[in-house]
Amino acid sequence: MTASAKPTPAPATNFLRNIIEADLAAGRYADKRWAGHPGPAAVQEGAPADPARIRTRFPPEPNGYLHIGHAKSIALNFGLARDYDGVCHMRLDDTNPEKEEQRYVDGIVDAVKWLGYDWNGFGTEHYYHASDYFDVMYQAAEALIDDGLAYVDQQSPDEMRASRGTLTEPGVDSIWRARPAEESRTLLREMREGKHPDGSMALRAKIDMASPNMNMRDPVLYRIRHATHHRTGDKWCIYPMYTFAHPIEDALEGITHSICTLEFEDQRPFYDWLLDNLARLGLLLRPLPRQHEFARLKLTYIVTSKRKLRQLVADGHVDGWDDPRLPTIVGLRRRGFTPESIQLLCERTGASKSDSWIDYSLLDQALREDLDPKTDRAVAVLRPVKLVITNYPEGQTEVCSAPRNPHDPDAGRREFPFSRELWIEADDFVETPPKGFFRLFPGNMVRLKYGYVVKCTGCTKDADGNVIEVQAEYLPDTRSGTPGADSVKVKGTITWLSITAAVSADIRLYDRLFTDPHPDAGGKDFIACLNPNSVEVIRGFVEPGTDATPGKAYQFERYGYFVADRETSTPDAPIFNRTATLKDSWVK
């Protein structure tokens, strides 16, 4: 496993690192063998010793697109493997054919690559699917039946739910719990052969219906689903439950540390129960993987539930899974967030066992810190009004210049013309200014950044009283970069573009998708929390020479970080998305 981004020196310690270091010191996995191909212990015997010190995995279900929460898991699993000379497996847990599609598989793989992580150069080694192991899982199911640890239950799904009990009341044994092993095995084979309809029966583990942990009350292992799988086609009509498949996958791949989020903490006893029994039955080798849980990344002002994200897309509240307002990786990428900024957020939020909310502004700040030293600057006028320099000769232009990147002298300078007629921001002029307003108003002087000092002389309004033109006179000896630049002191500086050269562009001003920091907490209707002003599309102007190639990022002076939309922007028809403002203005 490698990562394109360089790891930070001496990463901050956390409980996961402490666990790994203790396991390495104890030599817990020093003799671990792994075949390189999935299979029972008989296949694994004789395999060469695996040189990896630790082995982690990232196992998303291909039933939707990855989001910022998954990015945290990706960074942890791939990052820990990198830092401890191990490997991280990329695994698609495709056990639910009714909700999974190849486009989600492709999207997941693309997102992990874009974030800067890979598995053996994106080759086939360390890249797996749960469906690779369906035969082994079925073998494990029959072994559990033969050992008296599983049975086929013919209760309906509703009857099963009712008999599980509650958090305060124990469950009730199914009438099929004492079914002979031979009969359960026969029924399971009939289920596999497609002889029974969906929902008519299921294979359950036989553990303890009175357990205080409801996950140990005879959980379902296999259910009937007459559905076509995107990889195995119609070979199977029974599919393993995720909680049954996942531990087996970990063990077959030789995973040492199975790192997942806190909602799986209550599943850990079943994880251990299953692996211990399958190892006892000779189907798996020891030492077995261990599951460790961390608190998932919980950002304010977003939802990460796949069901709710799917609803936002399906109901047209957003424009697809890659809408720049969504917390999906494809959405964040289209908005203009960089892999480095997301990695920085994940690193700063660390790994903890306690749930806590992270303010969305930390993601914006990570983006600013990443882009500030490496992004070209440009001027954009978002809401233009004409400024006429009445004493500047008509038809005359002269070249002004500015650094492409003030942090990188080697980046050179950019050039743009100054002329009699300019675009300025409409709110840079006020006829009757409030206290503390230092921009244009009649009689006041300001500097046109990179240009001259000008003195406002008046304005022109339309029939409705709207300002449609501002007039000013320039002071010829005050051009920036000349000896007279400091001869006149002014308090205000404004940006501008020459009307003769400004490039028209669509500007999408994205904001937070929700007005409530916790839109889906406490039983809220998250749709009612949608921000009606989460996007504003305006027609503005950008500096001549601004590159509108999809994905090109800029800092538009005064306004923040913008990116040429990776789906719709072209050099002839620029479209820029606002990624983040120059500073956090949400609270204000």
# chains A, B, ... in the order shown; residues from 1 in each chain; ligands from 1

$ residues_around --residues "A:Met160" --least-positions-apart "4" --cutoff "12 Å" --atoms "only C-alpha atoms" --output "number ranges by chain"
A: 153-156, 164-165, 171-177, 199-204, 209, 217-220

$ write_last_selection --atoms "C-alpha atoms" --output "compact mmCIF listing (two decimals), in the first residue's frame"
# COMPACT_ATOMS: atom_id res chain seq x y z
CA ASP A 153 -35.84 -21.01 10.66
CA GLN A 154 -39.18 -20.91 8.87
CA GLN A 155 -40.63 -18.01 10.81
CA SER A 156 -41.60 -15.01 8.73
CA ARG A 164 -36.18 -11.19 19.34
CA GLY A 165 -37.44 -9.40 22.42
CA GLY A 171 -36.11 -13.13 23.09
CA VAL A 172 -38.17 -16.27 22.56
CA ASP A 173 -36.77 -19.42 20.97
CA SER A 174 -38.08 -20.21 17.52
CA ILE A 175 -40.08 -23.43 17.25
CA TRP A 176 -37.51 -24.46 14.61
CA ARG A 177 -34.50 -23.91 16.88
CA GLY A 199 -38.67 -14.59 3.01
CA SER A 200 -39.94 -18.15 3.53
CA MET A 201 -36.94 -19.24 5.60
CA ALA A 202 -33.48 -18.14 6.73
CA LEU A 203 -30.39 -19.65 8.27
CA ARG A 204 -29.76 -18.41 11.80
CA MET A 209 -31.96 -15.69 22.76
CA ARG A 217 -29.96 -13.48 19.76
CA ASP A 218 -29.63 -16.00 16.95
CA PRO A 219 -28.69 -13.55 14.18
CA VAL A 220 -29.59 -14.37 10.58

$ residues_around --residues "stretch 240-243 of chain A" --least-positions-apart "5" --cutoff "10 Å" --atoms "only C-alpha atoms" --output "ChimeraX atom specification"
/A:61,93-96,130-131,134,137-138,141,203,215,219-225,248,264,267-268,270-271,274

$ select_by_dssp --residues "stretch 256-433 of chain A" --states "alpha helix (DSSP H)" --output "PyMOL selection string"
chain A and resi 268-280+306-314+329-335+339-349+361-371

$ select_by_dssp --residues "stretch 252-393 of chain A" --states "strand (DSSP E or B)" --output "list of chain:residue names"
A:His257, A:Ser258, A:Ile259, A:Cys260, A:Thr261, A:Arg290, A:Gln291, A:His292, A:Glu293, A:Phe294, A:Lys298, A:Leu299, A:Thr328, A:Trp357, A:Ile358, A:Arg377, A:Ala378, A:Ala380, A:Val381, A:Pro384, A:Val385, A:Lys386, A:Leu387, A:Val388, A:Ile389

$ closest_residue --among "A:Cys260, A:Ala111, A:Leu367, A:Ala251" --to "A:Phe58" --atoms "only C-alpha atoms"
A:Cys260

$ closest_residue --among "A:Phe526, A:Tyr510, A:Tyr452, A:Tyr29" --to "A:Thr493" --atoms "only C-alpha atoms"
A:Tyr452

$ residues_around --residues "A:Gly148" --least-positions-apart "4" --cutoff "9 Å" --atoms "only C-alpha atoms" --output "ChimeraX atom specification"
/A:143-144,180-181,206

$ residues_around --residues "A:Arg447" --least-positions-apart "6" --cutoff "8 Å" --atoms "only C-alpha atoms" --output "MDAnalysis selection string"
chainID A and resid 453:454 490 492:494

$ closest_residue --among "A:Leu66, A:Arg57, A:Leu80, A:Val152" --to "A:Glu347" --atoms "only C-alpha atoms"
A:Leu80

$ closest_residue --among "A:Ala366, A:Leu299, A:Leu326, A:Ala210" --to "A:Gln343" --atoms "only C-alpha atoms"
A:Ala366

$ residues_around --residues "A:Pro403" --least-positions-apart "4" --cutoff "8 Å" --atoms "only C-alpha atoms" --output "PDB file with N, CA and C atoms, in the first residue's frame"
ATOM      1  N   ARG A 377      -3.605  33.254  -8.392  1.00  0.00           N
ATOM      2  CA  ARG A 377      -4.587  34.292  -8.095  1.00  0.00           C
ATOM      3  C   ARG A 377      -5.174  34.838  -9.395  1.00  0.00           C
ATOM      4  N   PRO A 409       7.510  33.124  -6.046  1.00  0.00           N
ATOM      5  CA  PRO A 409       8.055  34.099  -7.007  1.00  0.00           C
ATOM      6  C   PRO A 409       8.354  33.476  -8.372  1.00  0.00           C
ATOM      7  N   ALA A 411       6.582  31.561 -10.012  1.00  0.00           N
ATOM      8  CA  ALA A 411       5.363  31.393 -10.818  1.00  0.00           C
ATOM      9  C   ALA A 411       5.191  32.525 -11.820  1.00  0.00           C
ATOM     10  N   GLY A 412       5.923  33.619 -11.617  1.00  0.00           N
ATOM     11  CA  GLY A 412       5.858  34.720 -12.564  1.00  0.00           C
ATOM     12  C   GLY A 412       4.699  35.662 -12.295  1.00  0.00           C
ATOM     13  N   ARG A 413       4.413  36.499 -13.306  1.00  0.00           N
ATOM     14  CA  ARG A 413       3.375  37.509 -13.148  1.00  0.00           C
ATOM     15  C   ARG A 413       2.324  37.362 -14.245  1.00  0.00           C
ATOM     16  N   ARG A 414       1.148  37.829 -13.936  1.00  0.00           N
ATOM     17  CA  ARG A 414       0.067  37.842 -14.907  1.00  0.00           C
ATOM     18  C   ARG A 414      -0.168  39.280 -15.360  1.00  0.00           C
TER      19      ARG A 414
END

$ closest_atom_pairs --of "stretch 284-390 of chain A" --to "stretch 537-551 of chain A" --cutoff "7 Å" --atoms "only C-alpha atoms" --output "Markdown table"
| residue | atom | partner | partner_atom | distance |
| --- | --- | --- | --- | --- |
| A:Ala378 | CA | A:Glu543 | CA | 6.1 |
| A:Val379 | CA | A:Glu543 | CA | 5.3 |
| A:Ala380 | CA | A:Val542 | CA | 4.3 |
| A:Val381 | CA | A:Phe541 | CA | 5.2 |
| A:Leu382 | CA | A:Gly540 | CA | 4.4 |
| A:Arg383 | CA | A:Gly540 | CA | 6.0 |
| A:Pro384 | CA | A:Gly540 | CA | 6.7 |

$ write_last_selection --atoms "C-alpha atoms" --output "tab-separated table (two decimals), in the first residue's frame"
chain	number	residue	atom	x	y	z
A	378	ALA	CA	-7.01	36.07	-10.39
A	379	VAL	CA	-9.54	38.89	-10.20
A	380	ALA	CA	-13.24	38.19	-10.59
A	381	VAL	CA	-16.09	40.69	-10.55
A	382	LEU	CA	-19.20	38.88	-9.44
A	383	ARG	CA	-21.88	41.60	-9.51
A	384	PRO	CA	-20.59	44.17	-11.96

$ closest_residue --among "A:Asn577, A:Ile74, A:Ile19, A:Glu100" --to "A:Ala227" --atoms "only C-alpha atoms"
A:Glu100

$ closest_residue --among "A:Lys583, A:Lys195, A:Lys489, A:Lys386" --to "A:Leu362" --atoms "only C-alpha atoms"
A:Lys583

$ atom_distance --atom1 "atom CA of A:Leu283" --atom2 "atom CA of A:Glu183"
22.4 Å

$ residues_around --residues "A:Tyr360" --least-positions-apart "3" --cutoff "8 Å" --atoms "only C-alpha atoms" --output "PyMOL selection string"
chain A and resi 299-301+363-364

$ atom_distance --atom1 "atom CA of A:Lys491" --atom2 "atom CA of A:Gly451"
15.1 Å

$ decode --residues "stretch 560-574 of chain A" --atoms "all heavy atoms" --output "CSV table (one decimal), in the first residue's frame"
chain,number,residue,atom,x,y,z
A,560,GLY,N,-12.4,34.2,-2.4
A,560,GLY,CA,-12.1,32.9,-1.9
A,560,GLY,C,-11.6,32.0,-3.0
A,560,GLY,O,-11.1,32.4,-4.0
A,561,TYR,N,-11.8,30.7,-2.8
A,561,TYR,CA,-11.3,29.7,-3.7
A,561,TYR,C,-12.4,29.1,-4.6
A,561,TYR,O,-13.5,28.8,-4.1
A,561,TYR,CB,-10.7,28.5,-2.9
A,561,TYR,CG,-9.5,29.0,-2.0
A,561,TYR,CD1,-9.6,29.5,-0.7
A,561,TYR,CD2,-8.2,29.1,-2.6
A,561,TYR,CE1,-8.6,30.0,0.0
A,561,TYR,CE2,-7.1,29.6,-1.9
A,561,TYR,CZ,-7.3,30.1,-0.6
A,561,TYR,OH,-6.3,30.6,0.1
A,562,PHE,N,-12.1,29.1,-5.9
A,562,PHE,CA,-13.0,28.7,-6.9
A,562,PHE,C,-12.3,27.6,-7.8
A,562,PHE,O,-11.1,27.6,-7.9
A,562,PHE,CB,-13.4,29.8,-7.7
A,562,PHE,CG,-14.3,30.8,-7.0
A,562,PHE,CD1,-13.8,31.7,-6.1
A,562,PHE,CD2,-15.7,30.9,-7.3
A,562,PHE,CE1,-14.6,32.6,-5.4
A,562,PHE,CE2,-16.5,31.8,-6.6
A,562,PHE,CZ,-15.9,32.7,-5.7
A,563,VAL,N,-13.1,26.8,-8.4
A,563,VAL,CA,-12.6,25.8,-9.3
A,563,VAL,C,-13.5,25.7,-10.6
A,563,VAL,O,-14.7,25.9,-10.5
A,563,VAL,CB,-12.6,24.4,-8.6
A,563,VAL,CG1,-14.0,23.9,-8.3
A,563,VAL,CG2,-11.8,23.4,-9.5
A,564,ALA,N,-12.8,25.5,-11.7
A,564,ALA,CA,-13.6,25.4,-12.9
A,564,ALA,C,-14.3,24.0,-12.9
A,564,ALA,O,-13.7,23.0,-12.6
A,564,ALA,CB,-12.7,25.4,-14.1
A,565,ASP,N,-15.7,24.1,-13.1
A,565,ASP,CA,-16.5,22.9,-12.9
A,565,ASP,C,-16.0,21.8,-13.8
A,565,ASP,O,-15.8,21.9,-15.0
A,565,ASP,CB,-17.9,23.2,-13.2
A,565,ASP,CG,-18.8,22.1,-12.9
A,565,ASP,OD1,-19.2,21.9,-11.7
A,565,ASP,OD2,-19.2,21.3,-13.8
A,566,ARG,N,-15.8,20.6,-13.1
A,566,ARG,CA,-15.1,19.5,-13.9
A,566,ARG,C,-16.1,18.8,-14.8
A,566,ARG,O,-15.6,18.0,-15.6
A,566,ARG,CB,-14.5,18.5,-12.9
A,566,ARG,CG,-15.5,17.8,-12.0
A,566,ARG,CD,-14.8,17.0,-10.8
A,566,ARG,NE,-13.9,16.1,-11.4
A,566,ARG,CZ,-14.2,14.8,-11.4
A,566,ARG,NH1,-15.4,14.3,-11.1
A,566,ARG,NH2,-13.3,13.9,-11.9
A,567,GLU,N,-17.4,19.1,-14.8
A,567,GLU,CA,-18.3,18.5,-15.7
A,567,GLU,C,-18.8,19.4,-16.8
A,567,GLU,O,-19.0,19.0,-17.9
A,567,GLU,CB,-19.5,18.0,-14.9
A,567,GLU,CG,-19.3,17.0,-13.9
A,567,GLU,CD,-18.8,15.7,-14.5
A,567,GLU,OE1,-19.2,15.4,-15.7
A,567,GLU,OE2,-18.1,14.9,-13.8
A,568,THR,N,-18.9,20.7,-16.6
A,568,THR,CA,-19.5,21.6,-17.5
A,568,THR,C,-18.7,22.8,-18.0
A,568,THR,O,-19.0,23.4,-19.0
A,568,THR,CB,-20.8,22.2,-16.9
A,568,THR,OG1,-20.5,22.9,-15.7
A,568,THR,CG2,-21.8,21.1,-16.6
A,569,SER,N,-17.6,23.1,-17.3
A,569,SER,CA,-16.8,24.3,-17.7
A,569,SER,C,-16.0,24.0,-19.0
A,569,SER,O,-15.5,22.8,-19.2
A,569,SER,CB,-15.8,24.7,-16.6
A,569,SER,OG,-15.1,25.8,-16.9
A,570,THR,N,-15.9,24.9,-19.9
A,570,THR,CA,-15.0,24.9,-21.0
A,570,THR,C,-14.3,26.2,-21.2
A,570,THR,O,-14.7,27.2,-20.7
A,570,THR,CB,-15.8,24.6,-22.3
A,570,THR,OG1,-16.7,25.8,-22.6
A,570,THR,CG2,-16.7,23.4,-22.2
A,571,PRO,N,-13.2,26.2,-21.9
A,571,PRO,CA,-12.4,27.4,-22.1
A,571,PRO,C,-13.3,28.5,-22.8
A,571,PRO,O,-13.1,29.7,-22.5
A,571,PRO,CB,-11.3,27.0,-23.0
A,571,PRO,CG,-11.1,25.6,-22.7
A,571,PRO,CD,-12.4,25.0,-22.4
A,572,ASP,N,-14.2,28.1,-23.6
A,572,ASP,CA,-15.1,29.1,-24.3
A,572,ASP,C,-16.3,29.5,-23.4
A,572,ASP,O,-16.9,30.6,-23.7
A,572,ASP,CB,-15.6,28.6,-25.6
A,572,ASP,CG,-14.4,28.4,-26.6
A,572,ASP,OD1,-13.4,29.1,-26.5
A,572,ASP,OD2,-14.5,27.5,-27.4
A,573,ALA,N,-16.7,28.7,-22.5
A,573,ALA,CA,-17.8,29.0,-21.6
A,573,ALA,C,-17.5,28.6,-20.2
A,573,ALA,O,-17.9,27.6,-19.6
A,573,ALA,CB,-19.1,28.2,-22.1
A,574,PRO,N,-16.7,29.5,-19.5
A,574,PRO,CA,-16.2,29.2,-18.2
A,574,PRO,C,-17.3,29.1,-17.1
A,574,PRO,O,-18.3,29.9,-17.1
A,574,PRO,CB,-15.3,30.4,-17.8
A,574,PRO,CG,-15.0,31.0,-19.1
A,574,PRO,CD,-16.2,30.8,-20.0
